[in-house]
>>> print(open('final_39.txt').read())   # compact mmCIF, C-alpha atoms
# COMPACT_ATOMS: atom_id res chain seq x y z
CA MET E 1 -72.22 23.17 -71.05
CA THR E 2 -68.74 21.99 -70.21
CA ILE E 3 -66.99 23.12 -67.08
CA THR E 4 -63.27 22.55 -67.09
CA THR E 5 -61.53 22.72 -63.76
CA GLU E 6 -57.85 22.30 -63.16
CA ASN E 7 -57.03 19.10 -61.26
CA PRO E 8 -55.43 20.23 -58.00
CA ARG E 9 -53.93 16.79 -57.26
CA THR E 10 -51.68 15.64 -60.11
CA ASN E 11 -51.01 11.92 -59.58
CA GLY E 12 -53.03 12.13 -56.36
CA VAL E 13 -50.32 14.34 -54.87
CA ASP E 14 -51.34 17.54 -53.07
CA THR E 15 -48.51 19.69 -54.45
CA ALA E 16 -49.67 22.86 -52.66
CA THR E 17 -49.34 21.11 -49.29
CA LEU E 18 -46.06 19.55 -50.44
CA PHE E 19 -44.59 22.99 -51.15
CA ALA E 20 -46.00 24.32 -47.85
CA THR E 21 -44.31 21.41 -46.05
CA LEU E 22 -40.99 22.23 -47.71
CA ASP E 23 -41.35 25.88 -46.62
CA ALA E 24 -42.19 24.81 -43.06
CA VAL E 25 -39.10 22.58 -42.89
CA LYS E 26 -36.90 25.34 -44.30
CA ALA E 27 -38.15 27.65 -41.52
CA GLN E 28 -37.72 25.04 -38.77
CA PRO E 29 -35.39 22.16 -39.76
CA GLU E 30 -36.01 20.26 -36.47
CA ILE E 31 -39.43 19.17 -37.71
CA ALA E 32 -37.65 16.96 -40.27
CA LYS E 33 -36.19 14.68 -37.57
CA PHE E 34 -38.27 11.49 -37.64
CA GLN E 35 -38.08 8.16 -35.87
CA PHE E 36 -39.93 5.18 -37.33
CA ARG E 37 -40.57 2.07 -35.25
CA ALA E 38 -41.68 -1.53 -35.43
CA THR E 39 -42.29 -4.00 -32.61
CA ASN E 40 -41.78 -7.67 -33.37
CA GLU E 41 -42.97 -10.79 -31.55
CA TRP E 42 -41.72 -14.32 -32.15
CA LEU E 43 -44.65 -16.67 -32.82
CA ASP E 44 -43.23 -20.14 -33.56
CA GLY E 45 -40.27 -21.57 -35.44
CA THR E 46 -39.06 -18.92 -37.89
CA HIS E 47 -42.44 -17.14 -37.89
CA SER E 48 -42.69 -13.67 -36.32
CA ARG E 49 -45.00 -10.66 -36.54
CA SER E 50 -44.25 -6.94 -36.54
CA THR E 51 -46.65 -4.18 -35.62
CA TYR E 52 -46.50 -0.58 -36.84
CA SER E 53 -48.35 1.93 -34.76
CA GLY E 54 -46.67 5.17 -33.77
CA PHE E 55 -43.72 7.21 -34.94
CA HIS E 56 -42.06 10.47 -34.04
CA GLY E 57 -42.03 13.37 -36.45
CA ALA E 58 -42.63 17.10 -36.71
CA MET E 59 -41.51 17.41 -33.08
CA GLN E 60 -44.33 15.23 -31.72
CA GLU E 61 -45.46 11.66 -31.23
CA MET E 62 -47.80 10.58 -34.01
CA GLU E 63 -49.98 7.56 -34.71
CA HIS E 64 -50.60 5.97 -38.08
CA LYS E 65 -54.24 6.15 -39.21
CA ARG E 66 -54.35 2.37 -38.77
CA VAL E 67 -52.22 -0.18 -36.93
CA THR E 68 -50.58 -2.55 -39.45
CA THR E 69 -49.12 -5.99 -38.78
CA VAL E 70 -46.84 -7.91 -41.11
CA ASP E 71 -45.52 -11.45 -40.71
CA SER E 72 -42.38 -13.23 -41.86
CA ASP E 73 -41.39 -16.85 -41.99
CA HIS E 74 -38.90 -19.01 -43.86
CA PRO E 75 -40.09 -21.12 -46.81
CA GLU E 76 -40.60 -24.84 -46.39
CA VAL E 77 -37.50 -25.59 -48.49
CA LEU E 78 -35.58 -23.81 -45.72
CA THR E 79 -37.42 -25.80 -43.02
CA GLY E 80 -39.84 -23.00 -42.15
CA GLN E 81 -43.63 -23.22 -42.40
CA ASP E 82 -43.93 -20.56 -45.15
CA GLU E 83 -46.61 -18.70 -43.23
CA ALA E 84 -45.47 -15.37 -44.75
CA PRO E 85 -42.77 -13.82 -46.95
CA THR E 86 -39.18 -14.03 -45.76
CA PRO E 87 -37.55 -11.07 -43.98
CA VAL E 88 -35.35 -10.30 -47.01
CA GLU E 89 -38.39 -10.06 -49.30
CA TYR E 90 -39.60 -7.00 -47.37
CA LEU E 91 -36.46 -5.16 -48.46
CA LEU E 92 -37.64 -5.61 -52.06
CA HIS E 93 -41.00 -4.03 -51.29
CA GLY E 94 -39.16 -1.23 -49.51
CA ILE E 95 -37.08 -0.19 -52.53
CA ALA E 96 -40.00 -0.49 -54.99
CA ALA E 97 -42.41 1.49 -52.79
CA CYS E 98 -39.84 4.17 -51.98
CA LEU E 99 -38.90 4.76 -55.62
CA THR E 100 -42.57 4.76 -56.66
CA ALA E 101 -43.68 7.26 -54.01
CA GLY E 102 -40.82 9.55 -55.01
CA ILE E 103 -41.72 9.22 -58.69
CA ALA E 104 -45.34 10.26 -58.00
CA ASN E 105 -44.26 13.30 -55.96
CA ILE E 106 -41.55 14.44 -58.37
CA ALA E 107 -43.75 13.96 -61.43
CA ALA E 108 -46.51 16.02 -59.76
CA VAL E 109 -44.07 18.84 -58.98
CA ARG E 110 -42.85 18.74 -62.59
CA GLY E 111 -46.42 18.80 -63.93
CA VAL E 112 -46.31 15.29 -65.38
CA GLN E 113 -49.47 13.19 -65.12
CA LEU E 114 -48.52 9.54 -64.71
CA SER E 115 -50.76 6.76 -66.01
CA LYS E 116 -48.75 3.78 -64.76
CA VAL E 117 -45.80 2.94 -62.55
CA SER E 118 -45.02 -0.69 -61.88
CA SER E 119 -41.88 -2.57 -61.02
CA THR E 120 -40.42 -5.98 -60.49
CA VAL E 121 -37.64 -6.35 -57.95
CA GLU E 122 -35.30 -9.34 -57.92
CA GLY E 123 -32.80 -10.03 -55.17
CA ASP E 124 -30.10 -12.66 -55.70
CA ILE E 125 -28.85 -14.36 -52.57
CA ASP E 126 -26.54 -17.32 -52.10
CA LEU E 127 -27.62 -19.04 -48.90
CA LEU E 128 -24.17 -20.57 -48.40
CA GLY E 129 -23.51 -17.37 -46.46
CA ILE E 130 -26.31 -17.55 -43.88
CA LEU E 131 -25.94 -21.33 -43.64
CA GLY E 132 -22.30 -20.86 -42.64
CA LEU E 133 -21.09 -23.11 -45.45
CA SER E 134 -19.17 -20.62 -47.55
CA GLY E 135 -15.87 -20.43 -45.73
CA GLY E 136 -16.48 -16.70 -45.47
CA ASP E 137 -16.31 -15.79 -49.17
CA VAL E 138 -20.08 -15.50 -49.69
CA ARG E 139 -21.93 -12.65 -48.02
CA ASN E 140 -25.06 -13.27 -45.95
CA GLY E 141 -27.26 -10.77 -47.77
CA TYR E 142 -28.24 -10.05 -51.35
CA GLU E 143 -25.40 -10.12 -53.85
CA GLN E 144 -27.40 -7.72 -55.98
CA ILE E 145 -30.87 -6.26 -56.30
CA LYS E 146 -32.38 -5.42 -59.67
CA VAL E 147 -35.39 -3.15 -60.12
CA THR E 148 -37.12 -3.19 -63.50
CA LEU E 149 -39.41 -0.18 -63.47
CA HIS E 150 -42.11 0.57 -66.02
CA ILE E 151 -43.33 4.17 -66.21
CA GLU E 152 -45.96 5.80 -68.42
CA GLY E 153 -47.21 9.38 -68.44
CA ASP E 154 -47.87 12.50 -70.50
CA ALA E 155 -44.20 13.36 -71.01
CA ASP E 156 -41.40 12.30 -73.32
CA GLU E 157 -39.03 9.49 -72.53
CA ALA E 158 -36.20 11.73 -71.31
CA THR E 159 -38.54 13.52 -68.88
CA LEU E 160 -39.90 10.24 -67.52
CA ARG E 161 -36.37 8.84 -67.09
CA GLY E 162 -35.33 12.06 -65.37
CA ILE E 163 -38.16 11.66 -62.85
CA VAL E 164 -37.05 8.11 -62.01
CA GLU E 165 -33.43 9.26 -61.66
CA GLN E 166 -34.39 12.09 -59.32
CA SER E 167 -36.44 9.65 -57.22
CA ARG E 168 -33.41 7.34 -56.99
CA ARG E 169 -31.20 10.25 -55.93
CA ARG E 170 -33.59 11.14 -53.08
CA SER E 171 -34.66 7.64 -52.05
CA ALA E 172 -34.20 6.76 -48.39
CA VAL E 173 -34.38 3.00 -49.02
CA TYR E 174 -31.96 3.17 -51.98
CA ASP E 175 -29.51 4.94 -49.67
CA VAL E 176 -29.88 2.37 -46.88
CA LEU E 177 -29.43 -0.57 -49.27
CA THR E 178 -26.48 0.81 -51.22
CA ASN E 179 -24.62 2.44 -48.33
CA PRO E 180 -23.73 1.21 -44.82
CA THR E 181 -26.21 1.99 -42.05
CA PRO E 182 -25.22 1.40 -38.42
CA VAL E 183 -27.43 -1.17 -36.66
CA ALA E 184 -27.07 -1.42 -32.87
CA ILE E 185 -28.51 -4.46 -31.09
CA GLU E 186 -29.18 -4.24 -27.36
CA VAL E 187 -30.05 -7.57 -25.73
CA VAL E 188 -32.25 -7.88 -22.64
CA THR E 189 -32.47 -11.34 -21.06
CA GLY E 190 -34.53 -12.94 -18.33
CA MET B 1 -49.27 -43.16 -15.76
CA THR B 2 -46.99 -40.54 -17.27
CA ILE B 3 -45.61 -40.90 -20.75
CA THR B 4 -42.65 -38.66 -21.47
CA THR B 5 -41.79 -38.15 -25.12
CA GLU B 6 -38.97 -36.05 -26.44
CA ASN B 7 -40.20 -32.97 -28.30
CA PRO B 8 -38.93 -33.31 -31.87
CA ARG B 9 -39.46 -29.61 -32.63
CA THR B 10 -37.60 -27.37 -30.18
CA ASN B 11 -38.93 -23.82 -30.66
CA GLY B 12 -41.12 -25.15 -33.48
CA VAL B 13 -37.95 -25.80 -35.51
CA ASP B 14 -37.56 -29.15 -37.24
CA THR B 15 -33.86 -29.58 -36.48
CA ALA B 16 -33.60 -32.98 -38.19
CA THR B 17 -34.73 -31.45 -41.47
CA LEU B 18 -32.51 -28.44 -40.82
CA PHE B 19 -29.44 -30.69 -40.53
CA ALA B 20 -30.56 -32.68 -43.59
CA THR B 21 -30.84 -29.41 -45.53
CA LEU B 22 -27.32 -28.42 -44.50
CA ASP B 23 -26.03 -31.81 -45.67
CA ALA B 24 -27.87 -31.47 -48.98
CA VAL B 25 -26.35 -28.02 -49.57
CA LYS B 26 -22.88 -29.28 -48.70
CA ALA B 27 -23.29 -32.01 -51.31
CA GLN B 28 -24.66 -29.66 -53.98
CA PRO B 29 -23.92 -25.97 -53.28
CA GLU B 30 -25.92 -24.77 -56.33
CA ILE B 31 -29.17 -25.43 -54.48
CA ALA B 32 -28.31 -22.53 -52.17
CA LYS B 33 -28.64 -19.96 -54.97
CA PHE B 34 -31.97 -18.19 -54.39
CA GLN B 35 -33.74 -15.28 -56.02
CA PHE B 36 -36.52 -13.52 -54.13
CA ARG B 37 -38.96 -11.21 -55.93
CA ALA B 38 -41.64 -8.61 -55.41
CA THR B 39 -43.84 -6.89 -57.97
CA ASN B 40 -45.06 -3.41 -57.15
CA GLU B 41 -47.93 -1.36 -58.59
CA TRP B 42 -48.50 2.33 -58.07
CA LEU B 43 -52.03 2.99 -56.80
CA ASP B 44 -52.39 6.74 -56.16
CA GLY B 45 -50.23 9.52 -54.75
CA THR B 46 -47.48 7.91 -52.65
CA HIS B 47 -49.51 4.72 -52.17
CA SER B 48 -48.30 1.49 -53.83
CA ARG B 49 -48.76 -2.24 -53.33
CA SER B 50 -46.30 -5.13 -53.63
CA THR B 51 -47.15 -8.74 -54.25
CA TYR B 52 -45.05 -11.74 -53.23
CA SER B 53 -45.77 -14.91 -55.09
CA GLY B 54 -42.91 -16.98 -56.48
CA PHE B 55 -39.19 -17.26 -55.93
CA HIS B 56 -36.31 -19.31 -57.25
CA GLY B 57 -34.45 -21.72 -55.02
CA ALA B 58 -33.10 -25.24 -54.82
CA MET B 59 -32.63 -25.13 -58.61
CA GLN B 60 -36.33 -24.68 -59.36
CA GLU B 61 -39.14 -22.15 -59.49
CA MET B 62 -41.18 -22.23 -56.31
CA GLU B 63 -44.41 -20.62 -55.10
CA HIS B 64 -45.15 -19.39 -51.61
CA LYS B 65 -47.98 -21.26 -49.88
CA ARG B 66 -49.99 -18.05 -50.12
CA VAL B 67 -49.74 -14.87 -52.18
CA THR B 68 -49.06 -11.90 -49.87
CA THR B 69 -49.62 -8.22 -50.63
CA VAL B 70 -48.21 -5.31 -48.64
CA ASP B 71 -48.88 -1.61 -49.12
CA SER B 72 -46.87 1.51 -48.44
CA ASP B 73 -47.78 5.15 -48.31
CA HIS B 74 -46.39 8.33 -46.80
CA PRO B 75 -47.94 9.72 -43.61
CA GLU B 76 -50.27 12.72 -43.78
CA VAL B 77 -47.65 14.97 -42.19
CA LEU B 78 -45.58 14.23 -45.33
CA THR B 79 -48.60 14.93 -47.57
CA GLY B 80 -49.42 11.27 -48.13
CA GLN B 81 -52.73 9.64 -47.25
CA ASP B 82 -51.23 7.29 -44.60
CA GLU B 83 -52.94 4.26 -46.12
CA ALA B 84 -50.09 2.00 -44.97
CA PRO B 85 -46.64 2.06 -43.33
CA THR B 86 -43.87 3.96 -45.12
CA PRO B 87 -41.33 2.09 -47.27
CA VAL B 88 -38.56 2.63 -44.70
CA GLU B 89 -40.64 1.03 -41.92
CA TYR B 90 -40.51 -2.30 -43.77
CA LEU B 91 -36.74 -2.33 -43.31
CA LEU B 92 -37.34 -2.34 -39.54
CA HIS B 93 -39.58 -5.40 -39.81
CA GLY B 94 -36.94 -7.03 -41.99
CA ILE B 95 -34.15 -6.78 -39.42
CA ALA B 96 -36.37 -7.83 -36.48
CA ALA B 97 -37.84 -10.82 -38.32
CA CYS B 98 -34.45 -11.95 -39.69
CA LEU B 99 -32.75 -11.84 -36.29
CA THR B 100 -35.72 -13.59 -34.64
CA ALA B 101 -35.89 -16.43 -37.18
CA GLY B 102 -32.16 -16.99 -36.78
CA ILE B 103 -32.46 -16.98 -33.00
CA ALA B 104 -35.17 -19.68 -33.09
CA ASN B 105 -33.10 -21.87 -35.44
CA ILE B 106 -29.81 -21.44 -33.58
CA ALA B 107 -31.41 -21.97 -30.16
CA ALA B 108 -33.04 -25.19 -31.42
CA VAL B 109 -29.71 -26.48 -32.74
CA ARG B 110 -28.11 -25.64 -29.38
CA GLY B 111 -30.92 -27.38 -27.48
CA VAL B 112 -32.29 -24.21 -25.91
CA GLN B 113 -36.06 -23.92 -25.52
CA LEU B 114 -37.10 -20.31 -25.92
CA SER B 115 -40.15 -18.92 -24.14
CA LYS B 116 -40.09 -15.39 -25.57
CA VAL B 117 -38.36 -13.32 -28.21
CA SER B 118 -39.59 -9.80 -28.83
CA SER B 119 -37.97 -6.67 -30.13
CA THR B 120 -38.48 -3.00 -30.76
CA VAL B 121 -36.71 -1.45 -33.71
CA GLU B 122 -36.19 2.31 -34.01
CA GLY B 123 -34.84 4.02 -37.10
CA ASP B 124 -33.75 7.65 -36.92
CA ILE B 125 -34.03 9.60 -40.13
CA ASP B 126 -33.59 13.29 -40.85
CA LEU B 127 -35.90 14.11 -43.75
CA LEU B 128 -33.78 17.11 -44.75
CA GLY B 129 -31.98 14.53 -46.92
CA ILE B 130 -34.90 13.24 -48.97
CA LEU B 131 -36.48 16.70 -49.10
CA GLY B 132 -33.30 18.02 -50.73
CA LEU B 133 -32.90 20.71 -48.07
CA SER B 134 -29.68 19.57 -46.43
CA GLY B 135 -27.08 20.95 -48.78
CA GLY B 136 -25.81 17.41 -49.10
CA ASP B 137 -24.59 16.81 -45.55
CA VAL B 138 -27.59 14.75 -44.40
CA ARG B 139 -28.05 11.29 -45.88
CA ASN B 140 -31.39 10.21 -47.35
CA GLY B 141 -31.71 7.03 -45.29
CA TYR B 142 -31.60 6.09 -41.63
CA GLU B 143 -28.78 7.67 -39.66
CA GLN B 144 -28.96 4.69 -37.32
CA ILE B 145 -31.17 1.73 -36.49
CA LYS B 146 -31.47 0.42 -32.95
CA VAL B 147 -32.86 -3.02 -32.10
CA THR B 148 -33.79 -3.69 -28.47
CA LEU B 149 -34.28 -7.44 -28.25
CA HIS B 150 -35.79 -9.29 -25.31
CA ILE B 151 -35.04 -13.03 -25.10
CA GLU B 152 -36.11 -15.64 -22.53
CA GLY B 153 -35.44 -19.37 -22.44
CA ASP B 154 -34.11 -22.30 -20.46
CA ALA B 155 -30.47 -21.24 -20.61
CA ASP B 156 -28.20 -18.84 -18.77
CA GLU B 157 -27.68 -15.27 -19.83
CA ALA B 158 -24.37 -15.90 -21.61
CA THR B 159 -25.91 -18.69 -23.69
CA LEU B 160 -28.90 -16.55 -24.66
CA ARG B 161 -26.63 -13.65 -25.61
CA GLY B 162 -24.47 -16.04 -27.63
CA ILE B 163 -27.51 -17.17 -29.61
CA VAL B 164 -28.43 -13.56 -30.46
CA GLU B 165 -24.84 -12.81 -31.46
CA GLN B 166 -24.67 -15.85 -33.76
CA SER B 167 -27.98 -14.81 -35.35
CA ARG B 168 -26.55 -11.34 -35.99
CA ARG B 169 -23.43 -12.85 -37.54
CA ARG B 170 -25.52 -14.91 -39.97
CA SER B 171 -28.31 -12.43 -40.65
CA ALA B 172 -28.98 -11.60 -44.30
CA VAL B 173 -30.87 -8.40 -43.48
CA TYR B 174 -28.22 -7.22 -40.99
CA ASP B 175 -25.64 -7.66 -43.75
CA VAL B 176 -27.69 -5.73 -46.32
CA LEU B 177 -28.34 -2.85 -43.92
CA THR B 178 -24.81 -2.52 -42.55
CA ASN B 179 -22.90 -3.16 -45.79
CA PRO B 180 -23.34 -1.81 -49.33
CA THR B 181 -25.55 -3.83 -51.67
CA PRO B 182 -25.61 -2.98 -55.38
CA VAL B 183 -29.06 -1.91 -56.63
CA ALA B 184 -29.53 -1.68 -60.41
CA ILE B 185 -32.54 0.17 -61.79
CA GLU B 186 -33.65 -0.50 -65.35
CA VAL B 187 -36.30 1.88 -66.64
CA VAL B 188 -38.85 0.94 -69.31
CA THR B 189 -40.99 3.78 -70.68
CA GLY B 190 -44.05 4.10 -72.91
>>> encode(input="final_39.txt", output="structure tokens")
Amino acid sequence: MTITTENPRTNGVDTATLFATLDAVKAQPEIAKFQFRATNEWLDGTHSRSTYSGFHGAMQEMEHKRVTTVDSDHPEVLTGQDEAPTPVEYLLHGIAACLTAGIANIAAVRGVQLSKVSSTVEGDIDLLGILGLSGGDVRNGYEQIKVTLHIEGDADEATLRGIVEQSRRRSAVYDVLTNPTPVAIEVVTG
Amino acid sequence: MTITTENPRTNGVDTATLFATLDAVKAQPEIAKFQFRATNEWLDGTHSRSTYSGFHGAMQEMEHKRVTTVDSDHPEVLTGQDEAPTPVEYLLHGIAACLTAGIANIAAVRGVQLSKVSSTVEGDIDLLGILGLSGGDVRNGYEQIKVTLHIEGDADEATLRGIVEQSRRRSAVYDVLTNPTPVAIEVVTG
């Protein structure tokens, strides 16, 4: 005897709840206002540690299921101790993870079962900028970021490419990287 | 008997090597061309994992002292499984860690011993953008990012504020967030 049941979670995405969330936001747009947070502590040299715990969303304070800490340092060739990836490397994770999450959601909504999504992200940076040796003609940050994304699933090539393109169009990290975002720095001394 | 020795590593920063690095770059600017990388693998739903291993710099392929992996997921309120911080939260670590590393380096060069650097980063985001419910007038990414940075050390307030300001001026992540950075996405299917 074979029992065939429909898989309710294409790509591990609960599409019924996803649609319910969209309906809830349509009915009450204020629940879409989120604030994410990190707290960072200097450890030694160029080594620091950030902690993620709570955030604001859906009109309430929320806590992540687990507290997460991530470290950064500079590599030894830049006179750090290389205790962790550099700050700029976390931007590369951000764009890959954002595109990939969007791809899984969009594919699920479009009924496409994915079998693989992987990517390599490369960020080119000329350190003459941050070292103050460029005379001002080299920027401090990445000159360019390149994402090479591999996608496989039960759909034709055009459909798979369309899913990636829709994820790019809706990506929060892609927007922050490619467009200006205001960053205010308030300093407290003493 | 008291033996007083000069501390060769203010703030844990090896300033002699830092100056030697600057001299080396001045003599051969090509060594400042770096490429940082992350590889990302989709796990399930909106959960993915990035790995940091090698990078290019100083005209050679280099490996981090340790391989680091970081995960991202969406929170449960956004129909994820909340297995890890969201992709956008890593941008907040990036700016805090970049400013803090710069502060430690610049303070060391200026002979200021720091006793504390900590920060809280808040990023405001209206998810109407990424949910496609805004009619196009809400951006996908952060509307604004606010860094509240606490700094203590053996210098007056103006000197401490000057160190933070110089770090901001030379920060790679601050540049990427506040100015446009080109992001190319190449898709490979099948």
>>> closest_residue(input="final_39.txt", among="E:Glu41, E:Thr15, E:Val109, E:Met62", to="chain B", atoms="all atoms listed in the file")
E:Glu41
>>> atom_distance(input="final_39.txt", atom1="atom CA of Gly129 of chain B", atom2="atom CA of Val117 of chain E")
23.9 Å
>>> closest_residue(input="final_39.txt", among="E:Val164, E:Tyr90, E:Gly12, E:Gln81", to="Thr68 of chain B", atoms="all atoms listed in the file")
E:Tyr90
>>> residues_around(input="final_39.txt", residues="segment 72-75 of chain B", least_positions_apart="3", cutoff="9 Å", atoms="only C-alpha atoms", output="mmCIF file with C-alpha atoms, in the coordinates of the input")
data_model
loop_
_atom_site.group_PDB
_atom_site.id
_atom_site.type_symbol
_atom_site.label_atom_id
_atom_site.label_comp_id
_atom_site.auth_asym_id
_atom_site.auth_seq_id
_atom_site.Cartn_x
_atom_site.Cartn_y
_atom_site.Cartn_z
ATOM 1 C CA HIS E 64 -50.600 5.970 -38.080
ATOM 2 C CA LYS E 65 -54.240 6.150 -39.210
ATOM 3 C CA HIS E 93 -41.000 -4.030 -51.290
ATOM 4 C CA GLY E 94 -39.160 -1.230 -49.510
ATOM 5 C CA ALA E 97 -42.410 1.490 -52.790
ATOM 6 C CA CYS E 98 -39.840 4.170 -51.980
ATOM 7 C CA ALA E 101 -43.680 7.260 -54.010
ATOM 8 C CA GLY B 45 -50.230 9.520 -54.750
ATOM 9 C CA THR B 46 -47.480 7.910 -52.650
ATOM 10 C CA HIS B 47 -49.510 4.720 -52.170
ATOM 11 C CA SER B 48 -48.300 1.490 -53.830
ATOM 12 C CA ARG B 49 -48.760 -2.240 -53.330
ATOM 13 C CA SER B 50 -46.300 -5.130 -53.630
ATOM 14 C CA LEU B 78 -45.580 14.230 -45.330
ATOM 15 C CA THR B 79 -48.600 14.930 -47.570
ATOM 16 C CA GLY B 80 -49.420 11.270 -48.130
ATOM 17 C CA GLN B 81 -52.730 9.640 -47.250
ATOM 18 C CA ASP B 82 -51.230 7.290 -44.600
ATOM 19 C CA GLU B 83 -52.940 4.260 -46.120
ATOM 20 C CA ALA B 84 -50.090 2.000 -44.970
ATOM 21 C CA PRO B 85 -46.640 2.060 -43.330
ATOM 22 C CA THR B 86 -43.870 3.960 -45.120
ATOM 23 C CA PRO B 87 -41.330 2.090 -47.270
ATOM 24 C CA TYR B 90 -40.510 -2.300 -43.770
#
>>> residues_around(input="final_39.txt", residues="segment 174-189 of chain E", least_positions_apart="4", cutoff="7 Å", atoms="only C-alpha atoms", output="PDB file with C-alpha atoms, in the coordinates of the input")
ATOM      1  CA  ILE E  95     -37.080  -0.190 -52.530  1.00  0.00           C
ATOM      2  CA  ARG E 168     -33.410   7.340 -56.990  1.00  0.00           C
TER       3      ARG E 168
ATOM      4  CA  ASN B 140     -31.390  10.210 -47.350  1.00  0.00           C
ATOM      5  CA  GLY B 141     -31.710   7.030 -45.290  1.00  0.00           C
ATOM      6  CA  TYR B 142     -31.600   6.090 -41.630  1.00  0.00           C
ATOM      7  CA  GLU B 143     -28.780   7.670 -39.660  1.00  0.00           C
ATOM      8  CA  GLN B 144     -28.960   4.690 -37.320  1.00  0.00           C
ATOM      9  CA  ILE B 145     -31.170   1.730 -36.490  1.00  0.00           C
ATOM     10  CA  LYS B 146     -31.470   0.420 -32.950  1.00  0.00           C
ATOM     11  CA  VAL B 147     -32.860  -3.020 -32.100  1.00  0.00           C
ATOM     12  CA  THR B 148     -33.790  -3.690 -28.470  1.00  0.00           C
ATOM     13  CA  LEU B 149     -34.280  -7.440 -28.250  1.00  0.00           C
ATOM     14  CA  HIS B 150     -35.790  -9.290 -25.310  1.00  0.00           C
ATOM     15  CA  ILE B 151     -35.040 -13.030 -25.100  1.00  0.00           C
ATOM     16  CA  GLU B 152     -36.110 -15.640 -22.530  1.00  0.00           C
ATOM     17  CA  GLU B 157     -27.680 -15.270 -19.830  1.00  0.00           C
ATOM     18  CA  ARG B 161     -26.630 -13.650 -25.610  1.00  0.00           C
ATOM     19  CA  VAL B 176     -27.690  -5.730 -46.320  1.00  0.00           C
ATOM     20  CA  LEU B 177     -28.340  -2.850 -43.920  1.00  0.00           C
ATOM     21  CA  THR B 178     -24.810  -2.520 -42.550  1.00  0.00           C
ATOM     22  CA  ASN B 179     -22.900  -3.160 -45.790  1.00  0.00           C
ATOM     23  CA  PRO B 180     -23.340  -1.810 -49.330  1.00  0.00           C
ATOM     24  CA  THR B 181     -25.550  -3.830 -51.670  1.00  0.00           C
ATOM     25  CA  PRO B 182     -25.610  -2.980 -55.380  1.00  0.00           C
ATOM     26  CA  VAL B 183     -29.060  -1.910 -56.630  1.00  0.00           C
TER      27      VAL B 183
END
>>> atom_distance(input="final_39.txt", atom1="atom CA of Leu160 of chain E", atom2="atom CA of Phe36 of chain B")
27.5 Å
>>> atom_distance(input="final_39.txt", atom1="atom CA of Arg139 of chain B", atom2="atom CA of Ile125 of chain B")
8.5 Å
>>> closest_residue(input="final_39.txt", among="E:Gln35, E:Thr10, E:Ser134, E:Thr51", to="chain B", atoms="only C-alpha atoms")
E:Gln35
>>> axis_aligned_box(input="final_39.txt", around="segment 98-112 of chain E", padding_each_side="4 Å", output="lines of an AutoDock Vina configuration file")
center_x = -42.7
center_y = 11.5
center_z = -58.7
size_x = 15.6
size_y = 22.7
size_z = 21.4
>>> closest_residue(input="final_39.txt", among="B:Glu30, B:Asp71, B:Glu122, B:Glu165", to="chain E", atoms="only C-alpha atoms")
B:Glu122
>>> residues_around(input="final_39.txt", residues="Gly111 of chain B", least_positions_apart="2", cutoff="12 Å", atoms="only C-alpha atoms", output="NGL selection string")
:B and (6-11 or 13-15 or 103-109 or 113-114 or 153-155 or 159-160 or 163)
>>> residues_near_point(input="final_39.txt", point="(-37.3, 20.0, -48.7)", cutoff="10 Å", atoms="all atoms listed in the file", output="list of chain:residue names")
E:Leu18, E:Phe19, E:Ala20, E:Thr21, E:Leu22, E:Asp23, E:Ala24, E:Val25, E:Lys26, E:Pro29, E:Ala32, B:Leu127, B:Leu128, B:Gly129, B:Ile130, B:Leu131, B:Gly132, B:Leu133, B:Ser134
>>> residues_around(input="final_39.txt", residues="Ser53 of chain B", least_positions_apart="6", cutoff="8 Å", atoms="only C-alpha atoms", output="MDAnalysis selection string")
chainID B and resid 37:38 63:64 66:68
>>> closest_residue(input="final_39.txt", among="B:Ala158, B:Val112, B:His56, B:Phe34", to="chain E", atoms="only C-alpha atoms")
B:Phe34
>>> closest_residue(input="final_39.txt", among="B:Arg170, B:Phe55, B:Val121, B:Ile31", to="Gly136 of chain E", atoms="all atoms listed in the file")
B:Arg170
